[in-house]
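Chemist: I'd like to ask some things about the structure below.
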Amino acid sequence: MGPADSPFNPASPQALAIQNLFVLVLVICAVILAVVAGLVVFIVLRYRERPGRAPSSSEGNTLLEVVWTAVPLALVGVIFVATVATMHSVDPAPRGRPADVVVVAHQWWWEVRYPASGVTTANEIHVPVGRNLLFRIESADVVHDFWVPRLGRKIDAIPNRSNYVWIQVDTPGTYHGTCAEYCGVGHALMGIRVVAEPADAFASWQAEQSRPHPQPTSQLQARGARVFDERTCATCHRIAGTDADGDIGPDLTHLGDRKTLAAGAVANTPDELAAWLEDPDAIKPGSNMPNLQLSADEVRALVAYLEARDE
Ligand code: CUA
């Protein structure tokens with residue numbers, strides 16, 4: 001996340017509505033600050049102690065009392081109406097509509113499922129531009145918080161509870177987010193990437209993800225598939241089209257299509273994947289990925305197998 005990922009650079013109608021509300025409240029508060037501070041300065045200068053002038057006191061001023069009651073009341077009323085209108089437009093009730101995307105927070109990564117197509121991936125959420133999508137946010141362990149600042153509000157991921165948030169991305173691009181609720185040692189390395197693309201690009205991504213993992217096409221990849229099996233990686237990870245069906249760690253089907261590893265901790269390159277397999281803790285301290293004491297040969301074979309992509 002960098003300055004370009006700021007919520008003051010909104011890329012969805014939801015984030016824009018929230019920014020407009022924020023600016024309105026900010027302007028009202030700035031005017032109040034200017035009036036109060038201005039009066040204090042004026043009164044200090046105008047009525048300061050001077051030789052030969054005794055302080056006078058006056059009591060009761062109906063007009064003044066009406067004004068300082070009515071004006072704040074009107075301002076609070078304006079903020080109230082604007083807030084309710086913003087909540088209504090940003091966050092309408094799902095009313096039984098099925099979620100388009102299900103995001104399950106884990107320590108310390110994001111499981112991403114598309115119920116309509118059955119696609120499961122991790123940390124990188126592809127969406128078609130221009131469509132208002134309903135996200136269901138859940139947690140598999142502790143409280144996390146899903147937040148992509150340019151796309152809208154924060155929303156807690158709470159165990160045994162479903163929360164909903166609407167997101168519509170209007171411009172193709174990549175939007176960075178993060179976990180916004182302290183959730184343990186890996187909290188800082190729990191990145192989100194939302195990739196918004198035109199409908200046809202999204203459809204082809206989804207079709208690609210629906211296919212099984214690429215079959216090994218070299219001896220090295222075939223050895224990687226065997227190592228994956230022998231080293232019990234399948235206890236925690238799923239790879240579509242194989243017997244690997246674990247659901248503790250991220251689904252690794254088409255891992256090679258993702259841009260980052262370990263929820264954005266490092267770029268998804270063969271070297272980084274090798275380093276991750278050799279010593280996960282060095283890249284992401286506290287990660288639940290164990291160090292399996294793999295040999296250099298095993299690492300090479302696993303990288304070739306996991307990073308394999310369809311031509
Ligand atoms: Cu998950 Cu902080």
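Residues are named by chain letter and number: chains run A, B, ... in the order of the structure tokens, numbers start at 1 in each chain, and ligands are numbered from 1 in the order shown.
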Report as a list in words which protein, DNA and RNA residues come within 10 Å of ligand 1, using only C-alpha atoms and all ligand atoms.
Modeler: Ala105, His106, Gln107, Trp108, Trp109, Trp110, Ser139, Asp141, Val142, Val143, His144, Asp145, Phe146, Asp156, Ala157, Thr178, Cys179, Ala180, Glu181, Tyr182, Cys183, Gly184, Val185, Gly186, His187, Ala188, Leu189, Met190 and Gly191 of chain A
Chemist: Using C-alpha atoms, can you write the selected residues to a file as a short mmCIF file (atom, residue, chain, number, x, y, z; two decimals), in the first residue's frame?
Modeler:
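Saved result, part.cif, follows:
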```cif
data_model
loop_
_atom_site.label_atom_id
_atom_site.label_comp_id
_atom_site.auth_asym_id
_atom_site.auth_seq_id
_atom_site.Cartn_x
_atom_site.Cartn_y
_atom_site.Cartn_z
CA ALA A 105 -9.98 -14.36 6.69
CA HIS A 106 -7.36 -16.68 8.14
CA GLN A 107 -4.24 -16.07 10.22
CA TRP A 108 -2.66 -14.60 7.99
CA TRP A 109 -4.14 -14.75 4.53
CA TRP A 110 -7.44 -14.43 2.68
CA SER A 139 -13.30 -15.49 9.56
CA ASP A 141 -10.18 -18.05 13.44
CA VAL A 142 -9.94 -14.61 15.09
CA VAL A 143 -11.33 -11.15 14.28
CA HIS A 144 -9.78 -9.62 11.17
CA ASP A 145 -10.90 -6.62 9.11
CA PHE A 146 -11.19 -6.45 5.33
CA ASP A 156 -14.84 -6.84 10.22
CA ALA A 157 -14.33 -10.55 9.60
CA THR A 178 -4.91 -4.95 4.05
CA CYS A 179 -6.19 -6.45 7.26
CA ALA A 180 -7.22 -3.53 9.44
CA GLU A 181 -7.73 -5.27 12.78
CA TYR A 182 -4.79 -6.52 14.81
CA CYS A 183 -5.00 -10.31 14.56
CA GLY A 184 -1.65 -11.66 15.73
CA VAL A 185 1.97 -11.72 14.71
CA GLY A 186 1.30 -11.90 10.95
CA HIS A 187 -1.19 -9.01 10.90
CA ALA A 188 1.10 -6.62 9.04
CA LEU A 189 1.63 -9.15 6.23
CA MET A 190 -1.97 -9.84 5.35
CA GLY A 191 -2.34 -7.97 2.10
#
```
Chemist: As a ChimeraX atom specification, please: the residues near region 18-22 of chain A (cut-off 12 Å, only C-alpha atoms, same-chain neighbours under 5 positions excluded).
Modeler: /A:6-13,27-29,78-91,149-154
Chemist: Kindly export the residues of the current selection with N, CA, C and O atoms, as a short mmCIF file (atom, residue, chain, number, x, y, z; two decimals), in the first residue's frame.
Modeler:
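selection-v7.cif, freshly written:
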```cif
data_model
loop_
_atom_site.label_atom_id
_atom_site.label_comp_id
_atom_site.auth_asym_id
_atom_site.auth_seq_id
_atom_site.Cartn_x
_atom_site.Cartn_y
_atom_site.Cartn_z
N SER A 6 -4.69 5.54 -1.12
CA SER A 6 -5.39 6.29 -0.07
C SER A 6 -6.90 6.31 -0.32
O SER A 6 -7.36 6.32 -1.46
N PRO A 7 -7.69 6.33 0.76
CA PRO A 7 -9.14 6.44 0.59
C PRO A 7 -9.56 7.78 -0.02
O PRO A 7 -10.70 7.94 -0.43
N PHE A 8 -8.62 8.74 -0.11
CA PHE A 8 -8.96 10.03 -0.73
C PHE A 8 -8.74 9.98 -2.24
O PHE A 8 -8.74 11.02 -2.91
N ASN A 9 -8.57 8.77 -2.75
CA ASN A 9 -8.44 8.56 -4.19
C ASN A 9 -9.47 7.50 -4.57
O ASN A 9 -9.12 6.42 -5.05
N PRO A 10 -10.77 7.77 -4.35
CA PRO A 10 -11.78 6.72 -4.44
C PRO A 10 -11.94 6.17 -5.86
O PRO A 10 -11.81 6.91 -6.83
N ALA A 11 -12.20 4.86 -5.93
CA ALA A 11 -12.35 4.21 -7.23
C ALA A 11 -13.65 3.42 -7.31
O ALA A 11 -13.83 2.61 -8.21
N SER A 12 -14.55 3.65 -6.36
CA SER A 12 -15.85 2.99 -6.40
C SER A 12 -16.90 4.00 -5.95
O SER A 12 -16.57 4.95 -5.23
N PRO A 13 -18.15 3.83 -6.36
CA PRO A 13 -19.20 4.75 -5.89
C PRO A 13 -19.29 4.74 -4.38
O PRO A 13 -19.58 5.77 -3.76
N VAL A 27 -15.59 20.16 6.38
CA VAL A 27 -15.84 21.58 6.10
C VAL A 27 -16.64 22.21 7.24
O VAL A 27 -16.32 23.31 7.73
N ILE A 28 -17.69 21.50 7.70
CA ILE A 28 -18.50 22.02 8.81
C ILE A 28 -17.61 22.24 10.05
O ILE A 28 -17.67 23.29 10.69
N CYS A 29 -16.76 21.24 10.33
CA CYS A 29 -15.90 21.36 11.51
C CYS A 29 -14.89 22.50 11.34
O CYS A 29 -14.57 23.20 12.30
N VAL A 78 -27.98 18.29 9.74
CA VAL A 78 -27.42 18.13 8.38
C VAL A 78 -26.51 16.91 8.33
O VAL A 78 -26.59 16.07 7.42
N ILE A 79 -25.63 16.78 9.35
CA ILE A 79 -24.69 15.64 9.37
C ILE A 79 -25.46 14.33 9.50
O ILE A 79 -25.13 13.33 8.85
N PHE A 80 -26.51 14.34 10.32
CA PHE A 80 -27.31 13.12 10.51
C PHE A 80 -27.94 12.67 9.19
O PHE A 80 -27.82 11.52 8.78
N VAL A 81 -28.58 13.61 8.50
CA VAL A 81 -29.26 13.25 7.25
C VAL A 81 -28.25 12.78 6.21
O VAL A 81 -28.44 11.76 5.53
N ALA A 82 -27.12 13.48 6.11
CA ALA A 82 -26.09 13.10 5.13
C ALA A 82 -25.53 11.71 5.46
O ALA A 82 -25.26 10.91 4.56
N THR A 83 -25.37 11.43 6.77
CA THR A 83 -24.81 10.13 7.17
C THR A 83 -25.78 8.99 6.83
O THR A 83 -25.38 7.96 6.27
N VAL A 84 -27.07 9.20 7.15
CA VAL A 84 -28.05 8.15 6.86
C VAL A 84 -28.14 7.92 5.35
O VAL A 84 -28.18 6.77 4.89
N ALA A 85 -28.10 9.00 4.58
CA ALA A 85 -28.17 8.84 3.12
C ALA A 85 -26.95 8.08 2.60
O ALA A 85 -27.07 7.20 1.72
N THR A 86 -25.78 8.39 3.15
CA THR A 86 -24.56 7.70 2.72
C THR A 86 -24.62 6.22 3.08
O THR A 86 -24.31 5.35 2.27
N MET A 87 -25.06 5.92 4.32
CA MET A 87 -25.17 4.52 4.74
C MET A 87 -26.14 3.76 3.84
O MET A 87 -25.90 2.62 3.46
N HIS A 88 -27.22 4.44 3.48
CA HIS A 88 -28.24 3.81 2.65
C HIS A 88 -27.68 3.48 1.26
O HIS A 88 -27.94 2.41 0.70
N SER A 89 -26.88 4.39 0.69
CA SER A 89 -26.38 4.15 -0.66
C SER A 89 -25.18 3.20 -0.66
O SER A 89 -25.01 2.40 -1.57
N VAL A 90 -24.35 3.26 0.39
CA VAL A 90 -23.13 2.45 0.41
C VAL A 90 -23.41 1.03 0.88
O VAL A 90 -22.80 0.08 0.42
N ASP A 91 -24.34 0.89 1.80
CA ASP A 91 -24.42 -0.33 2.58
C ASP A 91 -25.85 -0.87 2.71
O ASP A 91 -26.32 -1.13 3.81
N PRO A 149 -8.90 0.50 0.82
CA PRO A 149 -9.30 1.90 1.02
C PRO A 149 -9.94 2.57 -0.18
O PRO A 149 -10.89 3.34 -0.02
N ARG A 150 -9.46 2.31 -1.39
CA ARG A 150 -10.01 3.03 -2.56
C ARG A 150 -11.38 2.48 -2.95
O ARG A 150 -12.06 3.07 -3.80
N LEU A 151 -11.77 1.34 -2.38
CA LEU A 151 -13.01 0.71 -2.84
C LEU A 151 -14.14 0.79 -1.82
O LEU A 151 -15.25 0.35 -2.10
N GLY A 152 -13.88 1.32 -0.63
CA GLY A 152 -15.01 1.47 0.29
C GLY A 152 -14.65 1.24 1.74
O GLY A 152 -13.49 1.31 2.14
N ARG A 153 -15.69 0.94 2.48
CA ARG A 153 -15.58 0.90 3.94
C ARG A 153 -14.78 -0.31 4.42
O ARG A 153 -14.58 -1.28 3.71
N LYS A 154 -14.36 -0.22 5.68
CA LYS A 154 -13.80 -1.38 6.36
C LYS A 154 -14.94 -2.28 6.79
O LYS A 154 -16.04 -1.80 7.08
#
```
Chemist: Can you list, as number ranges by chain, every protein, DNA or RNA residue that comes within 9 Å of Gly241 (chain A) when you count only C-alpha atoms, leaving out same-chain residues fewer than 3 positions away?
Modeler: A: 211-215, 244, 253
Chemist: So what do you get for CA of Ala267 (chain A) versus CA of Ile192 (chain A), distance-wise?
Modeler: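 Separation between CA of Ala267 (chain A) and CA of Ile192 (chain A): 13.1 Å.
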Chemist: Find, counting only C-alpha atoms, the residue in A:Arg50, A:Tyr164, A:Ala234, A:Ala122 that gets nearest to Arg258 (chain A).
Modeler: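 So, comparing all the options, the nearest one is A:Ala122.
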Chemist: List as a ChimeraX atom specification the protein and nucleic acid residues near Asp245 (chain A), meaning an atom at most 9 Å away when only C-alpha atoms are counted, but skip any in the same chain fewer than 3 places from it.
Modeler: /A:234-240,242,251
Chemist: Quick check, in Å to one decimal: how far apart do CA of Asn132 (chain A) and CA of Gln168 (chain A) lie?
Modeler: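 A separation of 4.3 Å between them.
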Chemist: Write out as a PyMOL selection string the residues lying within 12 Å of Trp276 (chain A), counting only C-alpha atoms and excluding same-chain residues fewer than 2 positions away.
Modeler: chain A and resi 260-262+265-274+278-285+287+289-294+299-300+302-303
Chemist: Pull N, CA, C and O atoms from the residues just selected and write them as a short mmCIF file (atom, residue, chain, number, x, y, z; two decimals), in the first residue's frame.
Modeler:
```cif
data_model
loop_
_atom_site.label_atom_id
_atom_site.label_comp_id
_atom_site.auth_asym_id
_atom_site.auth_seq_id
_atom_site.Cartn_x
_atom_site.Cartn_y
_atom_site.Cartn_z
N THR A 260 1.57 -12.39 -6.10
CA THR A 260 2.34 -12.38 -4.86
C THR A 260 2.18 -13.72 -4.14
O THR A 260 1.30 -14.52 -4.47
N LEU A 261 3.03 -13.91 -3.15
CA LEU A 261 2.98 -15.09 -2.29
C LEU A 261 2.75 -14.66 -0.85
O LEU A 261 3.09 -13.53 -0.47
N ALA A 262 2.20 -15.59 -0.06
CA ALA A 262 2.05 -15.36 1.38
C ALA A 262 1.32 -14.05 1.67
O ALA A 262 1.76 -13.24 2.48
N ALA A 265 3.36 -10.87 0.93
CA ALA A 265 4.63 -10.68 1.63
C ALA A 265 5.77 -10.53 0.62
O ALA A 265 6.68 -9.71 0.83
N VAL A 266 5.74 -11.31 -0.46
CA VAL A 266 6.78 -11.21 -1.50
C VAL A 266 6.14 -11.42 -2.87
O VAL A 266 5.02 -11.94 -2.97
N ALA A 267 6.86 -11.02 -3.91
CA ALA A 267 6.39 -11.23 -5.28
C ALA A 267 6.39 -12.73 -5.58
O ALA A 267 7.19 -13.48 -5.04
N ASN A 268 5.48 -13.14 -6.46
CA ASN A 268 5.43 -14.55 -6.84
C ASN A 268 6.42 -14.81 -7.97
O ASN A 268 6.09 -14.69 -9.14
N THR A 269 7.66 -15.13 -7.58
CA THR A 269 8.69 -15.51 -8.55
C THR A 269 9.22 -16.87 -8.12
O THR A 269 9.09 -17.23 -6.94
N PRO A 270 9.82 -17.63 -9.03
CA PRO A 270 10.39 -18.93 -8.64
C PRO A 270 11.38 -18.80 -7.48
O PRO A 270 11.37 -19.62 -6.56
N ASP A 271 12.21 -17.75 -7.50
CA ASP A 271 13.19 -17.59 -6.42
C ASP A 271 12.52 -17.34 -5.07
O ASP A 271 12.91 -17.89 -4.04
N GLU A 272 11.50 -16.47 -5.09
CA GLU A 272 10.81 -16.17 -3.82
C GLU A 272 10.06 -17.39 -3.32
O GLU A 272 10.00 -17.65 -2.12
N LEU A 273 9.45 -18.14 -4.24
CA LEU A 273 8.72 -19.34 -3.83
C LEU A 273 9.70 -20.36 -3.22
O LEU A 273 9.41 -20.99 -2.19
N ALA A 274 10.88 -20.47 -3.84
CA ALA A 274 11.89 -21.38 -3.29
C ALA A 274 12.30 -20.94 -1.89
O ALA A 274 12.38 -21.75 -0.96
N GLU A 278 11.82 -23.01 1.60
CA GLU A 278 13.00 -23.35 2.40
C GLU A 278 12.84 -22.87 3.84
O GLU A 278 13.25 -23.56 4.77
N ASP A 279 12.27 -21.68 4.02
CA ASP A 279 12.16 -21.15 5.38
C ASP A 279 11.03 -20.11 5.45
O ASP A 279 11.27 -18.91 5.38
N PRO A 280 9.79 -20.57 5.61
CA PRO A 280 8.65 -19.63 5.62
C PRO A 280 8.79 -18.54 6.67
O PRO A 280 8.44 -17.39 6.43
N ASP A 281 9.35 -18.90 7.83
CA ASP A 281 9.44 -17.94 8.92
C ASP A 281 10.33 -16.74 8.59
O ASP A 281 10.14 -15.65 9.13
N ALA A 282 11.31 -16.97 7.69
CA ALA A 282 12.21 -15.88 7.34
C ALA A 282 11.47 -14.82 6.54
O ALA A 282 11.81 -13.64 6.57
N ILE A 283 10.43 -15.24 5.81
CA ILE A 283 9.67 -14.30 4.99
C ILE A 283 8.48 -13.75 5.77
O ILE A 283 8.14 -12.57 5.66
N LYS A 284 7.86 -14.59 6.57
CA LYS A 284 6.65 -14.18 7.29
C LYS A 284 6.69 -14.80 8.69
O LYS A 284 6.17 -15.90 8.91
N PRO A 285 7.30 -14.08 9.63
CA PRO A 285 7.46 -14.64 10.98
C PRO A 285 6.11 -15.04 11.59
O PRO A 285 5.14 -14.30 11.47
N SER A 287 4.24 -17.46 10.61
CA SER A 287 3.34 -18.10 9.65
C SER A 287 3.03 -19.54 10.06
O SER A 287 3.88 -20.23 10.63
N MET A 289 2.68 -21.87 8.01
CA MET A 289 3.34 -22.75 7.05
C MET A 289 4.59 -23.32 7.73
O MET A 289 5.48 -22.58 8.14
N PRO A 290 4.66 -24.68 7.88
CA PRO A 290 5.82 -25.23 8.58
C PRO A 290 7.06 -25.27 7.69
O PRO A 290 6.95 -25.29 6.47
N ASN A 291 8.21 -25.27 8.33
CA ASN A 291 9.46 -25.51 7.61
C ASN A 291 9.64 -27.02 7.52
O ASN A 291 9.87 -27.68 8.52
N LEU A 292 9.49 -27.56 6.31
CA LEU A 292 9.52 -29.02 6.14
C LEU A 292 10.94 -29.55 5.93
O LEU A 292 11.10 -30.73 5.64
N GLN A 293 11.94 -28.70 6.09
CA GLN A 293 13.35 -29.14 5.92
C GLN A 293 13.52 -29.81 4.55
O GLN A 293 14.10 -30.88 4.45
N LEU A 294 12.99 -29.16 3.51
CA LEU A 294 13.07 -29.73 2.17
C LEU A 294 14.50 -29.63 1.64
O LEU A 294 15.22 -28.67 1.95
N VAL A 299 12.80 -28.63 -3.35
CA VAL A 299 12.31 -27.26 -3.53
C VAL A 299 12.21 -26.93 -5.02
O VAL A 299 11.19 -26.41 -5.48
N ARG A 300 13.26 -27.28 -5.78
CA ARG A 300 13.27 -26.98 -7.20
C ARG A 300 12.08 -27.65 -7.91
O ARG A 300 11.40 -27.06 -8.74
N LEU A 302 9.24 -28.74 -6.52
CA LEU A 302 7.97 -28.16 -6.07
C LEU A 302 7.69 -26.84 -6.76
O LEU A 302 6.56 -26.56 -7.19
N VAL A 303 8.73 -26.01 -6.90
CA VAL A 303 8.55 -24.71 -7.55
C VAL A 303 8.10 -24.93 -9.00
O VAL A 303 7.15 -24.28 -9.47
#
```
Chemist: Which distance in Å separates CA of Arg193 (chain A) and CA of Ile125 (chain A), to one decimal?
Modeler: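 Atom-to-atom, CA of Arg193 (chain A) and CA of Ile125 (chain A) are spaced 6.1 Å apart.
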